[in-house]
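Structure file final-v1.pdb (PDB, C-alpha atoms) is printed below.
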```pdb
ATOM      1  CA  MET M   1     -12.956   8.502 -47.619  1.00  0.00           C
ATOM      2  CA  ASN M   2     -16.214   7.701 -45.870  1.00  0.00           C
ATOM      3  CA  PHE M   3     -16.228   9.908 -42.767  1.00  0.00           C
ATOM      4  CA  GLN M   4     -19.133   8.013 -41.223  1.00  0.00           C
ATOM      5  CA  ARG M   5     -16.814   5.023 -40.794  1.00  0.00           C
ATOM      6  CA  LEU M   6     -13.921   7.052 -39.377  1.00  0.00           C
ATOM      7  CA  PRO M   7     -14.858   6.667 -35.694  1.00  0.00           C
ATOM      8  CA  GLN M   8     -15.159   2.893 -36.127  1.00  0.00           C
ATOM      9  CA  PHE M   9     -11.773   2.807 -37.872  1.00  0.00           C
ATOM     10  CA  LEU M  10     -10.199   4.832 -35.058  1.00  0.00           C
ATOM     11  CA  LEU M  11     -11.744   2.564 -32.472  1.00  0.00           C
ATOM     12  CA  LEU M  12     -10.359  -0.532 -34.206  1.00  0.00           C
ATOM     13  CA  PHE M  13      -6.954   1.114 -34.539  1.00  0.00           C
ATOM     14  CA  LEU M  14      -6.849   1.945 -30.844  1.00  0.00           C
ATOM     15  CA  VAL M  15      -7.997  -1.516 -29.813  1.00  0.00           C
ATOM     16  CA  PHE M  16      -5.534  -3.365 -32.015  1.00  0.00           C
ATOM     17  CA  SER M  17      -2.646  -1.011 -31.302  1.00  0.00           C
ATOM     18  CA  GLY M  18      -3.153  -1.769 -27.620  1.00  0.00           C
ATOM     19  CA  PHE M  19      -2.599  -5.453 -28.335  1.00  0.00           C
ATOM     20  CA  SER M  20       0.757  -4.734 -29.904  1.00  0.00           C
ATOM     21  CA  GLN M  21       2.123  -3.265 -26.666  1.00  0.00           C
ATOM     22  CA  THR M  22       4.197  -5.512 -24.479  1.00  0.00           C
ATOM     23  CA  THR M  23       4.966  -5.675 -20.805  1.00  0.00           C
ATOM     24  CA  LYS M  24       8.430  -4.905 -19.498  1.00  0.00           C
ATOM     25  CA  SER M  25      10.362  -6.299 -16.542  1.00  0.00           C
ATOM     26  CA  GLY M  26      13.129  -4.533 -14.618  1.00  0.00           C
ATOM     27  CA  PRO M  27      14.813  -2.372 -13.601  1.00  0.00           C
ATOM     28  CA  VAL M  28      14.717  -3.873 -10.089  1.00  0.00           C
ATOM     29  CA  ILE M  29      13.967  -7.526 -10.901  1.00  0.00           C
ATOM     30  CA  GLU M  30      15.003  -8.461 -14.430  1.00  0.00           C
ATOM     31  CA  GLY M  31      13.159 -11.357 -16.065  1.00  0.00           C
ATOM     32  CA  TYR M  32      10.276 -11.291 -13.587  1.00  0.00           C
ATOM     33  CA  GLY M  33       7.486  -8.924 -12.633  1.00  0.00           C
ATOM     34  CA  ALA M  34       6.712  -7.573 -16.092  1.00  0.00           C
ATOM     35  CA  VAL M  35       4.223  -4.683 -16.076  1.00  0.00           C
ATOM     36  CA  TRP M  36       2.364  -2.468 -18.510  1.00  0.00           C
ATOM     37  CA  GLU M  37       3.326   1.166 -18.937  1.00  0.00           C
ATOM     38  CA  ILE M  38       0.450   3.451 -17.970  1.00  0.00           C
ATOM     39  CA  ASN M  39       0.615   6.808 -19.710  1.00  0.00           C
ATOM     40  CA  ASP M  40      -1.112   9.817 -18.167  1.00  0.00           C
ATOM     41  CA  PRO M  41      -3.014   8.128 -15.336  1.00  0.00           C
ATOM     42  CA  ASP M  42      -5.915  10.134 -13.904  1.00  0.00           C
ATOM     43  CA  PHE M  43      -4.818   9.275 -10.354  1.00  0.00           C
ATOM     44  CA  GLU M  44      -1.313  10.715 -10.117  1.00  0.00           C
ATOM     45  CA  THR M  45       1.445   8.723  -8.404  1.00  0.00           C
ATOM     46  CA  ASP M  46       3.253  10.679  -5.706  1.00  0.00           C
ATOM     47  CA  THR M  47       6.870   9.822  -6.518  1.00  0.00           C
ATOM     48  CA  SER M  48       8.121  11.588  -3.376  1.00  0.00           C
ATOM     49  CA  GLN M  49       6.261   9.169  -1.109  1.00  0.00           C
ATOM     50  CA  GLU M  50       7.724   6.087   0.592  1.00  0.00           C
ATOM     51  CA  PHE M  51       5.923   2.877  -0.409  1.00  0.00           C
ATOM     52  CA  LYS M  52       6.053   0.314   2.427  1.00  0.00           C
ATOM     53  CA  VAL M  53       4.120  -2.849   1.711  1.00  0.00           C
ATOM     54  CA  VAL M  54       3.866  -6.345   3.135  1.00  0.00           C
ATOM     55  CA  PHE M  55       2.608  -9.054   0.807  1.00  0.00           C
ATOM     56  CA  ASP M  56       0.857 -11.996   2.471  1.00  0.00           C
ATOM     57  CA  VAL M  57       1.034 -15.094   0.277  1.00  0.00           C
ATOM     58  CA  LYS M  58      -0.598 -18.321   1.391  1.00  0.00           C
ATOM     59  CA  ASP M  59      -1.481 -20.028  -1.888  1.00  0.00           C
ATOM     60  CA  GLY M  60       1.030 -21.825  -4.057  1.00  0.00           C
ATOM     61  CA  PRO M  61       0.429 -23.175  -7.547  1.00  0.00           C
ATOM     62  CA  GLU M  62      -0.930 -26.707  -7.884  1.00  0.00           C
ATOM     63  CA  SER M  63       2.071 -27.797  -9.939  1.00  0.00           C
ATOM     64  CA  ASN M  64       5.540 -28.103  -8.408  1.00  0.00           C
ATOM     65  CA  THR M  65       6.993 -26.928 -11.728  1.00  0.00           C
ATOM     66  CA  GLU M  66       5.097 -23.635 -11.861  1.00  0.00           C
ATOM     67  CA  LEU M  67       6.177 -20.147 -10.779  1.00  0.00           C
ATOM     68  CA  ASN M  68       4.076 -18.751  -7.946  1.00  0.00           C
ATOM     69  CA  ARG M  69       2.366 -15.760  -9.572  1.00  0.00           C
ATOM     70  CA  ASN M  70       1.708 -14.258  -6.137  1.00  0.00           C
ATOM     71  CA  ILE M  71       5.423 -14.123  -5.365  1.00  0.00           C
ATOM     72  CA  ASN M  72       5.957 -12.666  -8.841  1.00  0.00           C
ATOM     73  CA  THR M  73       3.588  -9.857  -7.813  1.00  0.00           C
ATOM     74  CA  VAL M  74       6.275  -8.584  -5.422  1.00  0.00           C
ATOM     75  CA  ALA M  75       8.620  -8.209  -8.419  1.00  0.00           C
ATOM     76  CA  ARG M  76       5.796  -6.477 -10.321  1.00  0.00           C
ATOM     77  CA  PHE M  77       5.355  -4.012  -7.445  1.00  0.00           C
ATOM     78  CA  LEU M  78       9.058  -3.127  -7.419  1.00  0.00           C
ATOM     79  CA  ASN M  79       9.429  -2.910 -11.205  1.00  0.00           C
ATOM     80  CA  MET M  80       6.199  -0.975 -11.775  1.00  0.00           C
ATOM     81  CA  HIS M  81       7.074   1.726  -9.280  1.00  0.00           C
ATOM     82  CA  ALA M  82      10.728   1.983 -10.341  1.00  0.00           C
ATOM     83  CA  GLN M  83       9.650   2.257 -14.005  1.00  0.00           C
ATOM     84  CA  SER M  84       7.309   5.068 -12.939  1.00  0.00           C
ATOM     85  CA  GLY M  85      10.110   7.136 -11.446  1.00  0.00           C
ATOM     86  CA  ILE M  86       9.994   6.182  -7.781  1.00  0.00           C
ATOM     87  CA  PRO M  87      13.536   5.754  -6.425  1.00  0.00           C
ATOM     88  CA  THR M  88      14.203   2.229  -5.176  1.00  0.00           C
ATOM     89  CA  ALA M  89      15.246   3.692  -1.797  1.00  0.00           C
ATOM     90  CA  GLN M  90      11.573   4.650  -1.350  1.00  0.00           C
ATOM     91  CA  LEU M  91      10.332   1.107  -2.053  1.00  0.00           C
ATOM     92  CA  LYS M  92      10.185  -1.122   1.027  1.00  0.00           C
ATOM     93  CA  ALA M  93       8.708  -4.561   0.523  1.00  0.00           C
ATOM     94  CA  ALA M  94       8.315  -7.599   2.730  1.00  0.00           C
ATOM     95  CA  LEU M  95       6.899 -10.979   1.778  1.00  0.00           C
ATOM     96  CA  ILE M  96       5.271 -13.279   4.310  1.00  0.00           C
ATOM     97  CA  VAL M  97       4.731 -16.828   3.084  1.00  0.00           C
ATOM     98  CA  HIS M  98       2.604 -19.560   4.639  1.00  0.00           C
ATOM     99  CA  GLY M  99       0.159 -22.290   3.655  1.00  0.00           C
ATOM    100  CA  THR M 100       0.728 -24.110   0.373  1.00  0.00           C
ATOM    101  CA  ALA M 101       3.072 -21.349  -0.826  1.00  0.00           C
ATOM    102  CA  ALA M 102       5.609 -22.299   1.857  1.00  0.00           C
ATOM    103  CA  ARG M 103       7.105 -25.012  -0.364  1.00  0.00           C
ATOM    104  CA  ASN M 104       7.994 -22.294  -2.891  1.00  0.00           C
ATOM    105  CA  LEU M 105      10.769 -21.139  -0.529  1.00  0.00           C
ATOM    106  CA  LEU M 106      12.653 -24.461  -0.610  1.00  0.00           C
ATOM    107  CA  SER M 107      16.210 -24.644  -1.925  1.00  0.00           C
ATOM    108  CA  ASP M 108      16.660 -26.508  -5.192  1.00  0.00           C
ATOM    109  CA  ASP M 109      18.111 -29.552  -3.395  1.00  0.00           C
ATOM    110  CA  ALA M 110      15.275 -29.756  -0.863  1.00  0.00           C
ATOM    111  CA  HIS M 111      12.634 -29.153  -3.543  1.00  0.00           C
ATOM    112  CA  LYS M 112      14.139 -31.795  -5.807  1.00  0.00           C
ATOM    113  CA  ALA M 113      14.306 -34.328  -2.947  1.00  0.00           C
ATOM    114  CA  ARG M 114      10.601 -33.837  -2.260  1.00  0.00           C
ATOM    115  CA  TYR M 115       9.121 -33.148  -5.702  1.00  0.00           C
ATOM    116  CA  LYS M 116      11.712 -34.543  -8.164  1.00  0.00           C
ATOM    117  CA  VAL M 117      12.255 -31.123  -9.804  1.00  0.00           C
ATOM    118  CA  GLU M 118      14.223 -28.003  -8.927  1.00  0.00           C
ATOM    119  CA  ASN M 119      12.287 -25.126  -7.396  1.00  0.00           C
ATOM    120  CA  PRO M 120      10.944 -22.925 -10.218  1.00  0.00           C
ATOM    121  CA  ASN M 121      10.690 -20.048  -7.688  1.00  0.00           C
ATOM    122  CA  ARG M 122      14.276 -20.149  -6.383  1.00  0.00           C
ATOM    123  CA  GLU M 123      15.744 -17.634  -8.812  1.00  0.00           C
ATOM    124  CA  LEU M 124      12.881 -15.175  -8.267  1.00  0.00           C
ATOM    125  CA  VAL M 125      13.149 -15.499  -4.482  1.00  0.00           C
ATOM    126  CA  GLU M 126      16.917 -14.930  -4.654  1.00  0.00           C
ATOM    127  CA  GLU M 127      16.391 -11.858  -6.872  1.00  0.00           C
ATOM    128  CA  LEU M 128      13.862 -10.459  -4.395  1.00  0.00           C
ATOM    129  CA  LEU M 129      16.253 -11.041  -1.503  1.00  0.00           C
ATOM    130  CA  SER M 130      19.051  -9.317  -3.449  1.00  0.00           C
ATOM    131  CA  ALA M 131      16.735  -6.349  -4.031  1.00  0.00           C
ATOM    132  CA  GLY M 132      16.253  -5.966  -0.278  1.00  0.00           C
ATOM    133  CA  VAL M 133      12.871  -7.661   0.095  1.00  0.00           C
ATOM    134  CA  GLU M 134      12.525  -9.224   3.527  1.00  0.00           C
ATOM    135  CA  ILE M 135      11.151 -12.734   2.987  1.00  0.00           C
ATOM    136  CA  ILE M 136       9.599 -14.363   6.020  1.00  0.00           C
ATOM    137  CA  MET M 137       8.181 -17.857   6.348  1.00  0.00           C
ATOM    138  CA  CYS M 138       5.514 -18.576   8.910  1.00  0.00           C
ATOM    139  CA  GLY M 139       7.080 -20.719  11.629  1.00  0.00           C
ATOM    140  CA  GLN M 140       3.800 -22.571  12.087  1.00  0.00           C
ATOM    141  CA  SER M 141       3.754 -23.504   8.383  1.00  0.00           C
ATOM    142  CA  SER M 142       7.417 -24.472   8.620  1.00  0.00           C
ATOM    143  CA  LYS M 143       6.637 -26.997  11.346  1.00  0.00           C
ATOM    144  CA  THR M 144       3.252 -28.142  10.007  1.00  0.00           C
ATOM    145  CA  ARG M 145       4.689 -28.801   6.543  1.00  0.00           C
ATOM    146  CA  ASP M 146       8.073 -30.104   7.780  1.00  0.00           C
ATOM    147  CA  LEU M 147      10.049 -27.352   6.037  1.00  0.00           C
ATOM    148  CA  PRO M 148      13.026 -26.711   8.335  1.00  0.00           C
ATOM    149  CA  LYS M 149      15.195 -23.591   7.973  1.00  0.00           C
ATOM    150  CA  GLU M 150      18.110 -25.607   6.557  1.00  0.00           C
ATOM    151  CA  ASP M 151      15.893 -26.614   3.600  1.00  0.00           C
ATOM    152  CA  LEU M 152      15.021 -23.023   2.723  1.00  0.00           C
ATOM    153  CA  ILE M 153      16.652 -20.665   0.253  1.00  0.00           C
ATOM    154  CA  PRO M 154      19.415 -18.841   2.146  1.00  0.00           C
ATOM    155  CA  GLY M 155      18.229 -15.460   3.398  1.00  0.00           C
ATOM    156  CA  VAL M 156      14.635 -16.528   4.099  1.00  0.00           C
ATOM    157  CA  LYS M 157      13.716 -15.818   7.721  1.00  0.00           C
ATOM    158  CA  ILE M 158      11.349 -17.792   9.928  1.00  0.00           C
ATOM    159  CA  ALA M 159       8.913 -15.963  12.215  1.00  0.00           C
ATOM    160  CA  LEU M 160       6.811 -17.272  15.077  1.00  0.00           C
ATOM    161  CA  SER M 161       3.839 -17.069  12.719  1.00  0.00           C
ATOM    162  CA  ALA M 162       2.578 -15.242   9.645  1.00  0.00           C
ATOM    163  CA  MET M 163       0.124 -13.414  11.892  1.00  0.00           C
ATOM    164  CA  THR M 164       2.935 -12.213  14.175  1.00  0.00           C
ATOM    165  CA  ALA M 165       5.074 -10.996  11.266  1.00  0.00           C
ATOM    166  CA  ASN M 166       2.077  -9.208   9.721  1.00  0.00           C
ATOM    167  CA  ILE M 167       1.282  -7.361  12.961  1.00  0.00           C
ATOM    168  CA  GLN M 168       4.892  -6.336  13.540  1.00  0.00           C
ATOM    169  CA  LEU M 169       5.389  -5.053   9.993  1.00  0.00           C
ATOM    170  CA  GLN M 170       2.073  -3.199  10.025  1.00  0.00           C
ATOM    171  CA  ASN M 171       3.119  -1.584  13.323  1.00  0.00           C
ATOM    172  CA  GLN M 172       6.227  -0.372  11.439  1.00  0.00           C
ATOM    173  CA  GLY M 173       4.044   1.321   8.811  1.00  0.00           C
ATOM    174  CA  TYR M 174       3.900  -1.416   6.188  1.00  0.00           C
ATOM    175  CA  ARG M 175       0.558  -1.604   4.368  1.00  0.00           C
ATOM    176  CA  PRO M 176      -0.854  -5.120   3.884  1.00  0.00           C
ATOM    177  CA  ILE M 177      -1.591  -6.641   0.515  1.00  0.00           C
ATOM    178  CA  LYS M 178      -3.098 -10.105   0.770  1.00  0.00           C
ATOM    179  CA  LEU M 179      -2.627 -12.293  -2.278  1.00  0.00           C
TER     180      LEU M 179
END
```
Take the structure in this file and express it as structure tokens.
Amino acid sequence: MNFQRLPQFLLLFLVFSGFSQTTKSGPVIEGYGAVWEINDPDFETDTSQEFKVVFDVKDGPESNTELNRNINTVARFLNMHAQSGIPTAQLKAALIVHGTAARNLLSDDAHKARYKVENPNRELVEELLSAGVEIIMCGQSSKTRDLPKEDLIPGVKIALSAMTANIQLQNQGYRPIKL
């Protein structure tokens, strides 16, 4: 064996073995929010801490047939922390939606009436609601975009505005993550 080539061989092995790893969804939101396992991070995660976060999503995908990756990030947050040993009781997440992402909260019937296809985000939104995520639509976006409450996925709340909901949740200790 040529020992001068050993470091290069090890480097290639490590690089290519990394490509064989896969992401994993669950345990909170199955089928969405897949994340990588991080072994031995240098910055330790305090699993005794409560994680309160509010996600602010204003951008939706260009296509009406595409999953909103920003909404999927909420599932990633929940799954990543649960996979890392943080009890789900310590994970508090809220999602505020406005702008072009507002249409991603439409029921299948309302989405199909407007865009001729069912809402590709409906199942994910319902899973997030079932997991205890508070999902809030900006009331200003609701009116501006003609998205009345009766057209939304059941369980989605409407606030006066995204700004108002953000302030209130931050006053309750939620940390903002703008997507």
Quiz item: Residues picked by the PyMOL selection byres ((chain M and resi 58) around 12) here, as a ChimeraX atom specification?
Solution: /M:55-57,59-61,68-71,95-105,136-138,141,162-163,177-179
Practice problem: Have a look at CA of Ser161 in chain M and CA of Ser142 in chain M and let me know their distance in Å, one decimal. | Solution: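 About the pair CA of Ser161 in chain M and CA of Ser142 in chain M: they are 9.2 Å apart.
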Exercise. Find the residues around Ile38 in chain M up to 12 Å (all atoms listed in the file counted), leave out those fewer than 2 positions away in its own chain, and share them as a list of chain:residue names.
Key: M:Gly18, M:Gln21, M:Thr22, M:Thr23, M:Lys24, M:Val35, M:Trp36, M:Asp40, M:Pro41, M:Asp42, M:Phe43, M:Glu44, M:Thr45, M:Met80, M:His81, M:Gln83, M:Ser84
Around all of range 111-114 of chain M's listed atoms, make the axis-aligned box with 8 Å on each side and tell me centre and edge lengths in Å to one decimal, as JSON.
```
{"center_x": 12.5, "center_y": -31.7, "center_z": -4.0, "size_x": 19.7, "size_y": 21.2, "size_z": 19.5}
```
Long-range neighbours of Leu128 in chain M as a JSON list (two decimals) with C-alpha atoms, in the coordinates of the input, 10 Å cut-off, all atoms listed in the file, 6 positions minimum in chain:
```
[["chain", "number", "residue", "atom", "x", "y", "z"],
["M", 28, "VAL", "CA", 14.72, -3.87, -10.09],
["M", 29, "ILE", "CA", 13.97, -7.53, -10.90],
["M", 32, "TYR", "CA", 10.28, -11.29, -13.59],
["M", 71, "ILE", "CA", 5.42, -14.12, -5.36],
["M", 72, "ASN", "CA", 5.96, -12.67, -8.84],
["M", 74, "VAL", "CA", 6.28, -8.58, -5.42],
["M", 75, "ALA", "CA", 8.62, -8.21, -8.42],
["M", 78, "LEU", "CA", 9.06, -3.13, -7.42],
["M", 93, "ALA", "CA", 8.71, -4.56, 0.52],
["M", 94, "ALA", "CA", 8.32, -7.60, 2.73],
["M", 95, "LEU", "CA", 6.90, -10.98, 1.78],
["M", 122, "ARG", "CA", 14.28, -20.15, -6.38],
["M", 134, "GLU", "CA", 12.52, -9.22, 3.53],
["M", 135, "ILE", "CA", 11.15, -12.73, 2.99]]
```
Practice problem: Starting from the point (7.9, -19.7, -15.4), work out which residues of protein, DNA or RNA have an atom no more than 7 Å away when counting only C-alpha atoms; state them as a list in words. | Solution: Glu66, Leu67 and Pro120 of chain M
Quiz item: For Gln49 in chain M, which residue among M:Ala34, M:Ala89, M:Leu106, M:Ala159 is the nearest when counting only C-alpha atoms?
Solution: M:Ala89
Quiz item: When you draw a straight line from CA of Gln170 in chain M to CA of Lys92 in chain M, how long is it in Å?
Solution: 12.3 Å
Quiz item: Separation of CA of Gln168 in chain M and CA of Ser107 in chain M, in Å?
Solution: 26.5 Å
